[in-house]
Every structure is written in C-alpha cells, then in structure tokens.
>>> print(open('upload.txt').read())   # compact mmCIF, C-alpha atoms
# COMPACT_ATOMS: atom_id res chain seq x y z
CA MET A 23 -35.87 141.41 274.08
CA SER A 24 -36.46 138.65 276.63
CA PHE A 25 -33.56 137.24 278.64
CA LYS A 26 -33.99 133.84 276.94
CA LYS A 27 -33.75 135.44 273.51
CA GLN A 28 -30.71 137.47 274.61
CA ILE A 29 -28.96 134.22 275.54
CA LYS A 30 -29.81 132.69 272.16
CA VAL A 31 -28.48 135.74 270.32
CA PHE A 32 -25.31 135.71 272.45
CA VAL A 33 -24.70 132.04 271.58
CA LYS A 34 -25.32 132.68 267.88
CA LEU A 35 -22.97 135.67 267.86
CA THR A 36 -20.28 133.68 269.67
CA PHE A 37 -20.37 130.88 267.11
CA ARG A 38 -20.39 133.44 264.28
CA LYS A 39 -17.35 135.16 265.79
CA ILE A 40 -15.50 131.85 266.00
CA GLU A 41 -16.35 131.06 262.37
CA ASP A 42 -15.19 134.52 261.26
CA SER A 43 -11.88 134.08 263.11
CA PHE A 44 -11.02 131.26 260.68
CA ASN A 45 -11.92 133.37 257.66
CA ARG A 46 -8.85 135.01 256.17
CA THR A 47 -10.89 137.42 254.05
CA PRO A 48 -10.97 140.83 255.78
CA PHE A 49 -14.19 142.63 256.60
CA ALA A 50 -14.88 146.21 255.51
CA ILE A 51 -14.58 148.41 258.60
CA LYS A 52 -12.48 151.37 257.44
CA GLN A 53 -14.16 154.74 257.29
CA SER A 54 -13.33 157.13 254.47
CA SER A 55 -14.75 160.38 253.11
CA GLU A 56 -13.23 159.74 249.69
CA ASN A 57 -15.60 160.30 246.77
CA PHE A 58 -15.66 158.04 243.73
CA PRO A 59 -16.63 159.25 240.22
CA TYR A 60 -18.86 156.37 239.08
CA LYS A 61 -22.15 155.13 240.47
CA ILE A 62 -25.07 152.78 239.94
CA THR A 63 -28.37 154.08 241.34
CA ILE A 64 -31.76 152.66 242.23
CA GLN A 65 -34.71 154.58 243.68
CA GLN A 66 -37.56 153.17 245.75
CA ALA A 67 -40.76 155.04 246.45
CA PHE A 68 -42.03 155.00 250.02
CA ILE A 69 -45.41 153.37 250.47
CA SER A 70 -47.88 154.93 252.88
CA GLN A 71 -48.04 152.66 255.91
CA GLU A 72 -48.11 152.58 259.69
CA PHE A 73 -44.75 153.53 261.25
CA LEU A 74 -43.52 155.14 258.00
CA ASP A 75 -41.87 158.04 259.85
CA ASN A 76 -40.16 155.57 262.18
CA LYS A 77 -38.99 153.57 259.20
CA LYS A 78 -37.45 156.66 257.62
CA HIS A 79 -35.72 157.43 260.92
CA ASN A 80 -34.26 153.90 261.06
CA LEU A 81 -33.11 154.09 257.44
CA ARG A 82 -31.38 157.42 258.06
CA ILE A 83 -29.50 156.07 261.09
CA ALA A 84 -28.39 152.96 259.21
CA SER A 85 -27.46 155.00 256.13
CA GLU A 86 -25.18 157.25 258.17
CA LYS A 87 -23.25 154.21 259.37
CA ILE A 88 -22.97 152.51 255.98
CA ASN A 89 -22.13 155.69 254.03
CA LYS A 90 -18.87 156.05 255.98
CA ILE A 91 -17.52 152.63 255.01
CA THR A 92 -15.25 151.98 252.03
CA ILE A 93 -15.07 148.40 250.77
CA TYR A 94 -11.61 147.70 249.45
CA PRO A 95 -10.71 144.89 246.99
CA ASN A 96 -11.51 141.41 248.35
CA GLU A 97 -13.10 142.81 251.51
CA ILE A 98 -16.49 141.58 252.74
CA PHE A 99 -19.24 143.99 253.70
CA SER A 100 -21.23 142.58 256.61
CA PHE A 101 -24.51 144.35 257.40
CA TRP A 102 -24.43 143.65 261.13
CA LYS A 103 -20.74 144.37 261.60
CA ILE A 104 -21.54 147.92 260.48
CA ILE A 105 -25.04 148.43 261.91
CA LYS A 106 -24.40 146.63 265.25
CA ASN A 107 -27.19 145.59 267.62
CA PRO A 108 -30.33 147.59 266.71
CA ASN A 109 -31.83 146.93 270.17
CA LYS A 110 -29.15 148.87 272.06
CA LYS A 111 -29.01 152.51 273.21
CA ASN A 112 -32.51 153.39 271.97
CA ILE A 113 -31.14 154.48 268.60
CA TYR A 114 -33.81 152.85 266.45
CA LYS A 115 -37.59 153.15 266.63
CA SER A 116 -40.40 150.61 266.28
CA GLY A 117 -41.43 149.65 262.77
CA ARG A 118 -42.94 146.88 260.70
CA SER A 119 -40.98 143.65 260.36
CA LEU A 120 -41.90 140.36 258.72
CA ILE A 121 -41.48 137.75 261.45
CA ALA A 122 -42.48 134.11 260.93
CA GLY A 123 -44.42 135.14 257.84
CA LYS A 124 -46.43 137.86 259.61
CA LEU A 125 -46.01 141.62 259.88
CA GLN A 126 -45.22 142.59 263.45
CA GLU A 127 -43.99 145.64 265.34
CA GLN A 128 -40.28 145.49 266.19
CA ILE A 129 -37.48 147.85 267.16
CA GLY A 130 -35.47 148.58 264.03
CA GLY A 131 -38.35 147.71 261.74
CA GLY A 132 -37.79 148.72 258.13
CA LEU A 133 -34.05 147.99 258.04
CA CYS A 134 -34.73 145.22 255.54
CA GLN A 135 -35.37 147.90 252.93
CA ILE A 136 -31.74 148.99 253.11
CA SER A 137 -30.39 145.41 253.18
CA GLY A 138 -32.58 144.59 250.16
CA ALA A 139 -31.27 147.65 248.32
CA ILE A 140 -27.70 146.52 249.03
CA PHE A 141 -28.48 143.08 247.63
CA HIS A 142 -30.13 144.58 244.54
CA LEU A 143 -27.13 146.86 243.93
CA ALA A 144 -24.81 143.89 244.40
CA LEU A 145 -26.67 141.97 241.69
CA LEU A 146 -26.62 144.95 239.32
CA SER A 147 -22.88 145.50 239.83
CA ARG A 148 -21.95 141.79 239.89
CA LEU A 149 -20.51 141.79 243.38
CA GLU A 150 -20.01 138.44 245.08
CA ILE A 151 -22.89 137.38 247.31
CA ILE A 152 -21.50 135.59 250.37
CA GLU A 153 -24.68 135.42 252.46
CA ARG A 154 -28.24 136.50 251.78
CA HIS A 155 -31.58 135.40 253.21
CA GLN A 156 -34.90 136.01 251.51
CA HIS A 157 -38.22 136.73 253.15
CA SER A 158 -40.45 133.67 253.33
CA VAL A 159 -43.67 135.40 252.24
CA ASP A 160 -44.46 137.82 249.43
CA ILE A 161 -46.60 140.43 251.19
CA TYR A 162 -46.87 142.86 248.27
CA THR A 163 -48.91 143.11 245.09
CA GLU A 164 -47.61 144.38 241.76
CA GLU A 165 -49.42 147.68 242.46
CA ASN A 166 -47.57 148.45 245.72
CA ARG A 167 -44.25 146.66 245.17
CA TYR A 168 -41.33 149.10 245.57
CA THR A 169 -38.59 146.70 244.44
CA PRO A 170 -38.62 143.69 242.10
CA LEU A 171 -39.64 140.42 243.73
CA GLY A 172 -36.46 138.45 244.39
CA THR A 173 -34.29 141.41 245.36
CA ASP A 174 -35.21 141.44 249.04
CA ALA A 175 -32.78 140.49 251.82
CA THR A 176 -34.00 139.94 255.36
CA VAL A 177 -31.58 140.54 258.23
CA VAL A 178 -32.01 139.37 261.83
CA PHE A 179 -29.38 140.36 264.36
CA GLY A 180 -27.45 137.32 265.55
CA TYR A 181 -29.17 135.00 263.08
CA LYS A 182 -29.23 136.30 259.51
CA ASP A 183 -26.63 138.62 258.01
CA LEU A 184 -26.13 140.08 254.55
CA ARG A 185 -22.55 139.72 253.34
CA ILE A 186 -21.20 141.05 250.05
CA LYS A 187 -17.62 140.74 248.74
CA ASN A 188 -15.90 143.28 246.51
CA PRO A 189 -14.34 141.24 243.66
CA TYR A 190 -12.92 144.28 241.85
CA PRO A 191 -9.33 145.59 241.99
CA PHE A 192 -10.59 149.01 243.17
CA PRO A 193 -12.61 150.28 246.16
CA ILE A 194 -16.38 150.73 246.25
CA LYS A 195 -18.89 152.09 248.74
CA PHE A 196 -22.63 152.10 249.27
CA ARG A 197 -24.36 155.47 249.68
CA PHE A 198 -27.96 155.95 250.79
CA SER A 199 -30.24 158.93 251.30
CA VAL A 200 -33.83 159.38 252.47
CA ASP A 201 -36.08 162.18 251.25
CA GLU A 202 -39.79 162.77 251.62
CA ASN A 203 -40.95 160.29 249.00
CA LEU A 204 -37.88 158.32 247.91
CA PHE A 205 -35.22 156.03 249.28
CA ILE A 206 -32.14 156.44 247.07
CA ALA A 207 -29.51 153.71 246.99
CA GLU A 208 -26.19 153.99 245.17
CA LEU A 209 -23.04 151.99 244.65
CA HIS A 210 -20.05 154.30 244.10
CA SER A 211 -16.84 152.99 242.54
CA LYS A 212 -13.39 154.28 241.74
CA GLU A 213 -13.58 152.75 238.27
CA LYS A 214 -16.61 152.17 236.08
CA ILE A 215 -18.67 149.03 236.62
CA GLU A 216 -20.82 147.85 233.73
CA MET A 217 -24.33 147.41 235.09
CA ALA A 218 -25.91 144.00 234.61
CA HIS A 219 -29.22 143.79 232.75
CA LEU A 220 -31.25 141.51 234.97
CA ASN A 221 -34.15 139.39 233.79
CA PHE A 222 -36.69 138.10 236.31
CA GLU A 223 -38.39 134.78 235.64
CA ILE A 224 -41.32 134.06 237.95
CA THR A 225 -42.94 130.65 238.17
CA THR A 226 -46.21 130.53 240.10
CA PHE A 227 -47.67 127.45 241.73
CA LYS A 228 -50.81 127.16 243.84
CA ASN A 229 -49.21 128.53 247.00
CA GLN A 230 -45.66 129.42 245.96
CA LYS A 231 -43.68 131.72 243.69
CA ILE A 232 -40.19 130.89 242.47
CA VAL A 233 -38.14 133.85 241.25
CA SER A 234 -35.03 133.29 239.17
CA ILE A 235 -32.81 136.28 238.41
CA ILE A 236 -30.87 135.88 235.18
CA ASP A 237 -27.76 137.82 234.15
CA GLY A 238 -27.04 136.96 230.52
CA ASN A 239 -27.45 133.19 230.44
CA LYS A 240 -26.55 132.69 234.10
CA ASN A 241 -28.97 132.18 236.95
CA ILE A 242 -27.46 134.32 239.73
CA SER A 243 -30.23 134.05 242.35
CA THR A 244 -33.28 131.93 243.08
CA SER A 245 -35.87 132.79 245.73
CA TYR A 246 -38.93 130.94 246.97
CA TYR A 247 -41.98 132.71 248.42
CA ILE A 248 -45.25 131.57 249.91
CA ASN A 249 -48.22 133.40 248.40
CA GLN A 250 -50.33 135.43 250.81
>>> encode(input="upload.txt", output="structure tokens")
Amino acid sequence: MSFKKQIKVFVKLTFRKIEDSFNRTPFAIKQSSENFPYKITIQQAFISQEFLDNKKHNLRIASEKINKITIYPNEIFSFWKIIKNPNKKNIYKSGRSLIAGKLQEQIGGGLCQISGAIFHLALLSRLEIIERHQHSVDIYTEENRYTPLGTDATVVFGYKDLRIKNPYPFPIKFRFSVDENLFIAELHSKEKIEMAHLNFEITTFKNQKIVSIIDGNKNISTSYYINQ
C-alpha cells in the first residue's frame, strides 16, 4: 500500500472511530467456545480460478477469527473490527478482488466471499443490516455463479465495512469452514430462528440489473449492478 493510500485509510479509520464513539450499541468482540444447538447453513462451491489456493488460505484465516466471536443480543458484528487490517503482518495472500469494476490482484483477495456469506445468512435469519455495500459489477454468469445475485457484500478496509446487528434476545455466532470443494457458512443460535424464504426479483435493462430480495411481502434489499 502506498504512503498516500495509508494516509487516506488512517483518516477514514479515525473518522469511523469518532463516529463509533457516539454509538451506544456495543460491538461483538467477546470470544467464546460455547456451542449452540440450532443453525442455518449455506454451502458455496469453489470455482476453478487463478489464486484459488490463496483464496482458500485467506478464507481459513478469516474464518478462524470470526468463529471465535459470539454476538450477544443487540450487539453489532463489524467485519473489520474482527478481521483487522489484512495488509499487516503478512497473514493474508494475494487473490482476486473486484476494484473499480475490474478484477485485480490484491492482498487479502477473496475475503468478499466470507462477507457475502455473512450478509446472505443475515438475510435468511432476519438479522438487522446496519451497513452493507454491494459490488458495482456482476462478473458472473448463471453457469458459474456460486451465490444468488444480490447476496454479495464487498468490504474495503478503512472504507467499506459489513455490520450486522443481533436483534434476538439470545446469542448467535457465525461459523465457517473450508474444504476441498466447498465453503460452508453457518449461523448458530441458542434458540431456533425460523429461516426466511427469500424471493429474488431481477429487472434487466440495457446495461444494468436491479435485484430486489423479498421476504414475504417486504423488500429487504435492493442492489444495482452494471452488466459486463
């Protein structure tokens, strides 16, 4: 990362820290090995691509951090408060990232798969979405798409976070695992959560797709993508 970009990130983080200091809602930071009896699960197949082994490495490192955290009632899960700066200490490897609408090599590439899985689980379990940013471009086709269009969540350290609030009167936690062919994402809960049945409505224009995610009769998310 260039010195100029480091300064920009530092400024962004400082303003974010000031904003958070006025927020009375606590963030999830407590680690616990407690197991919960109920879970909602999604599975995503890995697609053969350049840097796939690096991507799996990055997902495993991030999963180890997130799996330790319990989100208690009314706490907010912040992706970057748990993952920290991916550019430090040579923990993460280079991978593919979508930057300014183009795939580029970047340290920590592939972490958006885990943030997207968190967002998808949050929709399925009706958690409260505090902050989420979509990708600007749909780079996949229906043949190689590993998650429904509209369930992605891009994260950029210092700029874009993913924040999810636990609205339930019992604790929850995200659990992730990486095997040879699958990325497995789970939301564990102390009490049962009725899974939402999501409907995806896609409107296509000449150079844009609009994805509305419907839960019952309620539109719970709308995303806009430029067609490749």
>>> closest_atom_pairs(input="upload.txt", of="segment 42-160 of chain A", to="segment 200-220 of chain A", cutoff="10 Å", atoms="only C-alpha atoms", output="tab-separated table")
residue	atom	partner	partner_atom	distance
A:Glu56	CA	A:Lys212	CA	9.6
A:Asn57	CA	A:His210	CA	7.9
A:Phe58	CA	A:Lys212	CA	4.8
A:Pro59	CA	A:Lys212	CA	6.1
A:Tyr60	CA	A:Ser211	CA	5.2
A:Lys61	CA	A:His210	CA	4.3
A:Ile62	CA	A:Leu209	CA	5.2
A:Thr63	CA	A:Glu208	CA	4.4
A:Ile64	CA	A:Ala207	CA	5.4
A:Gln65	CA	A:Ile206	CA	4.6
A:Gln66	CA	A:Phe205	CA	5.1
A:Ala67	CA	A:Leu204	CA	4.6
A:Phe68	CA	A:Asn203	CA	5.5
A:Ile69	CA	A:Asn203	CA	8.4
A:Ser70	CA	A:Asn203	CA	9.6
A:Asp75	CA	A:Glu202	CA	9.7
A:Lys78	CA	A:Val200	CA	6.9
A:His79	CA	A:Val200	CA	8.9
A:Leu81	CA	A:Val200	CA	7.3
A:Arg82	CA	A:Val200	CA	6.4
A:Ser85	CA	A:Val200	CA	8.6
A:Asn89	CA	A:Glu208	CA	9.9
A:Thr92	CA	A:His210	CA	9.6
A:Ile93	CA	A:Ser211	CA	9.6
A:Gln135	CA	A:Phe205	CA	8.9
A:Ile136	CA	A:Ala207	CA	8.0
A:Ala139	CA	A:Ala207	CA	6.4
A:Ile140	CA	A:Ala207	CA	7.7
A:His142	CA	A:Ala207	CA	9.5
A:Leu143	CA	A:Leu209	CA	6.6
A:Ala144	CA	A:Leu209	CA	8.3
A:Leu145	CA	A:Ala218	CA	7.4
A:Leu146	CA	A:Ala218	CA	4.9
A:Ser147	CA	A:Met217	CA	5.3
A:Arg148	CA	A:Ala218	CA	7.0
>>> closest_residue(input="upload.txt", among="A:Gln156, A:Asn221, A:Asn96, A:Gln53", to="Ile248 of chain A", atoms="all atoms listed in the file")
A:Gln156
>>> closest_residue(input="upload.txt", among="A:Lys34, A:Lys106, A:His157, A:Lys87", to="Asp174 of chain A", atoms="all atoms listed in the file")
A:His157
>>> atom_distance(input="upload.txt", atom1="atom CA of Thr173 of chain A", atom2="atom CA of Gln71 of chain A")
20.7 Å
>>> closest_residue(input="upload.txt", among="A:Lys228, A:Lys26, A:Arg38, A:Arg154", to="Phe99 of chain A", atoms="all atoms listed in the file")
A:Arg154
>>> closest_residue(input="upload.txt", among="A:Phe101, A:Phe196, A:Phe49, A:Tyr246", to="Phe227 of chain A", atoms="only C-alpha atoms")
A:Tyr246
>>> atom_distance(input="upload.txt", atom1="atom CA of Lys195 of chain A", atom2="atom CA of Ser54 of chain A")
9.4 Å
>>> closest_residue(input="upload.txt", among="A:Arg118, A:Lys231, A:Lys77, A:Lys90", to="Arg197 of chain A", atoms="all atoms listed in the file")
A:Lys90
>>> closest_residue(input="upload.txt", among="A:Thr244, A:Phe179, A:Pro191, A:Ile129", to="Lys27 of chain A", atoms="only C-alpha atoms")
A:Phe179
>>> atom_distance(input="upload.txt", atom1="atom CA of Ser137 of chain A", atom2="atom CA of Asn80 of chain A")
12.2 Å
>>> residues_around(input="upload.txt", residues="Glu223 of chain A", least_positions_apart="6", cutoff="10 Å", atoms="all atoms listed in the file", output="mmCIF file with C-alpha atoms, keeping the file's coordinate frame")
data_model
loop_
_atom_site.group_PDB
_atom_site.id
_atom_site.type_symbol
_atom_site.label_atom_id
_atom_site.label_comp_id
_atom_site.auth_asym_id
_atom_site.auth_seq_id
_atom_site.Cartn_x
_atom_site.Cartn_y
_atom_site.Cartn_z
ATOM 1 C CA LEU A 171 -39.640 140.420 243.730
ATOM 2 C CA GLY A 172 -36.460 138.450 244.390
ATOM 3 C CA ILE A 232 -40.190 130.890 242.470
ATOM 4 C CA VAL A 233 -38.140 133.850 241.250
ATOM 5 C CA SER A 234 -35.030 133.290 239.170
ATOM 6 C CA ILE A 235 -32.810 136.280 238.410
ATOM 7 C CA ILE A 236 -30.870 135.880 235.180
ATOM 8 C CA ASN A 241 -28.970 132.180 236.950
ATOM 9 C CA THR A 244 -33.280 131.930 243.080
#
>>> residues_near_point(input="upload.txt", point="(-50.2, 140.6, 249.2)", cutoff="8 Å", atoms="only C-alpha atoms", output="PyMOL selection string")
chain A and resi 160-163+249-250
>>> residues_around(input="upload.txt", residues="Leu184 of chain A", least_positions_apart="5", cutoff="10 Å", atoms="all atoms listed in the file", output="VMD selection string")
chain A and resid 98 to 103 137 to 138 140 to 141 151 to 155 175 to 178
>>> build_atoms(input="upload.txt", residues="segment 58-85 of chain A", atoms="N, CA and C atoms", output="compact mmCIF listing (two decimals), keeping the file's coordinate frame")
# COMPACT_ATOMS: atom_id res chain seq x y z
N PHE A 58 -15.99 158.78 244.95
CA PHE A 58 -15.66 158.04 243.73
C PHE A 58 -16.51 158.58 242.57
N PRO A 59 -15.96 158.57 241.34
CA PRO A 59 -16.63 159.25 240.22
C PRO A 59 -17.78 158.48 239.57
N TYR A 60 -17.86 157.17 239.78
CA TYR A 60 -18.86 156.37 239.08
C TYR A 60 -19.90 155.84 240.07
N LYS A 61 -21.13 155.66 239.58
CA LYS A 61 -22.15 155.13 240.47
C LYS A 61 -23.26 154.42 239.71
N ILE A 62 -23.87 153.47 240.40
CA ILE A 62 -25.07 152.78 239.94
C ILE A 62 -26.17 153.12 240.94
N THR A 63 -27.33 153.54 240.46
CA THR A 63 -28.37 154.08 241.34
C THR A 63 -29.69 153.35 241.16
N ILE A 64 -30.37 153.10 242.27
CA ILE A 64 -31.76 152.66 242.23
C ILE A 64 -32.57 153.56 243.17
N GLN A 65 -33.83 153.76 242.85
CA GLN A 65 -34.71 154.58 243.68
C GLN A 65 -35.96 153.78 244.03
N GLN A 66 -36.38 153.89 245.28
CA GLN A 66 -37.56 153.17 245.75
C GLN A 66 -38.53 154.16 246.38
N ALA A 67 -39.75 154.14 245.90
CA ALA A 67 -40.76 155.04 246.45
C ALA A 67 -41.26 154.50 247.79
N PHE A 68 -41.46 155.40 248.74
CA PHE A 68 -42.03 155.00 250.02
C PHE A 68 -43.53 154.77 249.87
N ILE A 69 -44.00 153.71 250.49
CA ILE A 69 -45.41 153.37 250.47
C ILE A 69 -46.05 153.82 251.77
N SER A 70 -47.18 154.47 251.67
CA SER A 70 -47.88 154.93 252.88
C SER A 70 -48.24 153.73 253.75
N GLN A 71 -47.80 153.78 255.01
CA GLN A 71 -48.04 152.66 255.91
C GLN A 71 -47.87 153.13 257.36
N GLU A 72 -48.33 152.30 258.28
CA GLU A 72 -48.11 152.58 259.69
C GLU A 72 -46.62 152.56 259.99
N PHE A 73 -46.15 153.45 260.85
CA PHE A 73 -44.75 153.53 261.25
C PHE A 73 -43.82 154.05 260.14
N LEU A 74 -44.38 154.70 259.10
CA LEU A 74 -43.52 155.14 258.00
C LEU A 74 -42.47 156.14 258.49
N ASP A 75 -42.85 157.07 259.34
CA ASP A 75 -41.87 158.04 259.85
C ASP A 75 -40.77 157.35 260.65
N ASN A 76 -41.16 156.35 261.43
CA ASN A 76 -40.16 155.57 262.18
C ASN A 76 -39.22 154.82 261.25
N LYS A 77 -39.80 154.29 260.18
CA LYS A 77 -38.99 153.57 259.20
C LYS A 77 -37.96 154.50 258.57
N LYS A 78 -38.38 155.70 258.21
CA LYS A 78 -37.45 156.66 257.62
C LYS A 78 -36.34 157.01 258.61
N HIS A 79 -36.71 157.16 259.88
CA HIS A 79 -35.72 157.43 260.92
C HIS A 79 -34.70 156.29 260.97
N ASN A 80 -35.17 155.05 260.98
CA ASN A 80 -34.26 153.90 261.06
C ASN A 80 -33.35 153.83 259.84
N LEU A 81 -33.92 154.12 258.66
CA LEU A 81 -33.11 154.09 257.44
C LEU A 81 -32.04 155.18 257.46
N ARG A 82 -32.36 156.33 257.99
CA ARG A 82 -31.38 157.42 258.06
C ARG A 82 -30.22 157.05 258.99
N ILE A 83 -30.55 156.47 260.14
CA ILE A 83 -29.50 156.07 261.09
C ILE A 83 -28.59 155.03 260.46
N ALA A 84 -29.18 154.01 259.84
CA ALA A 84 -28.39 152.96 259.21
C ALA A 84 -27.57 153.51 258.04
N SER A 85 -28.17 154.41 257.27
CA SER A 85 -27.46 155.00 256.13
C SER A 85 -26.22 155.75 256.58
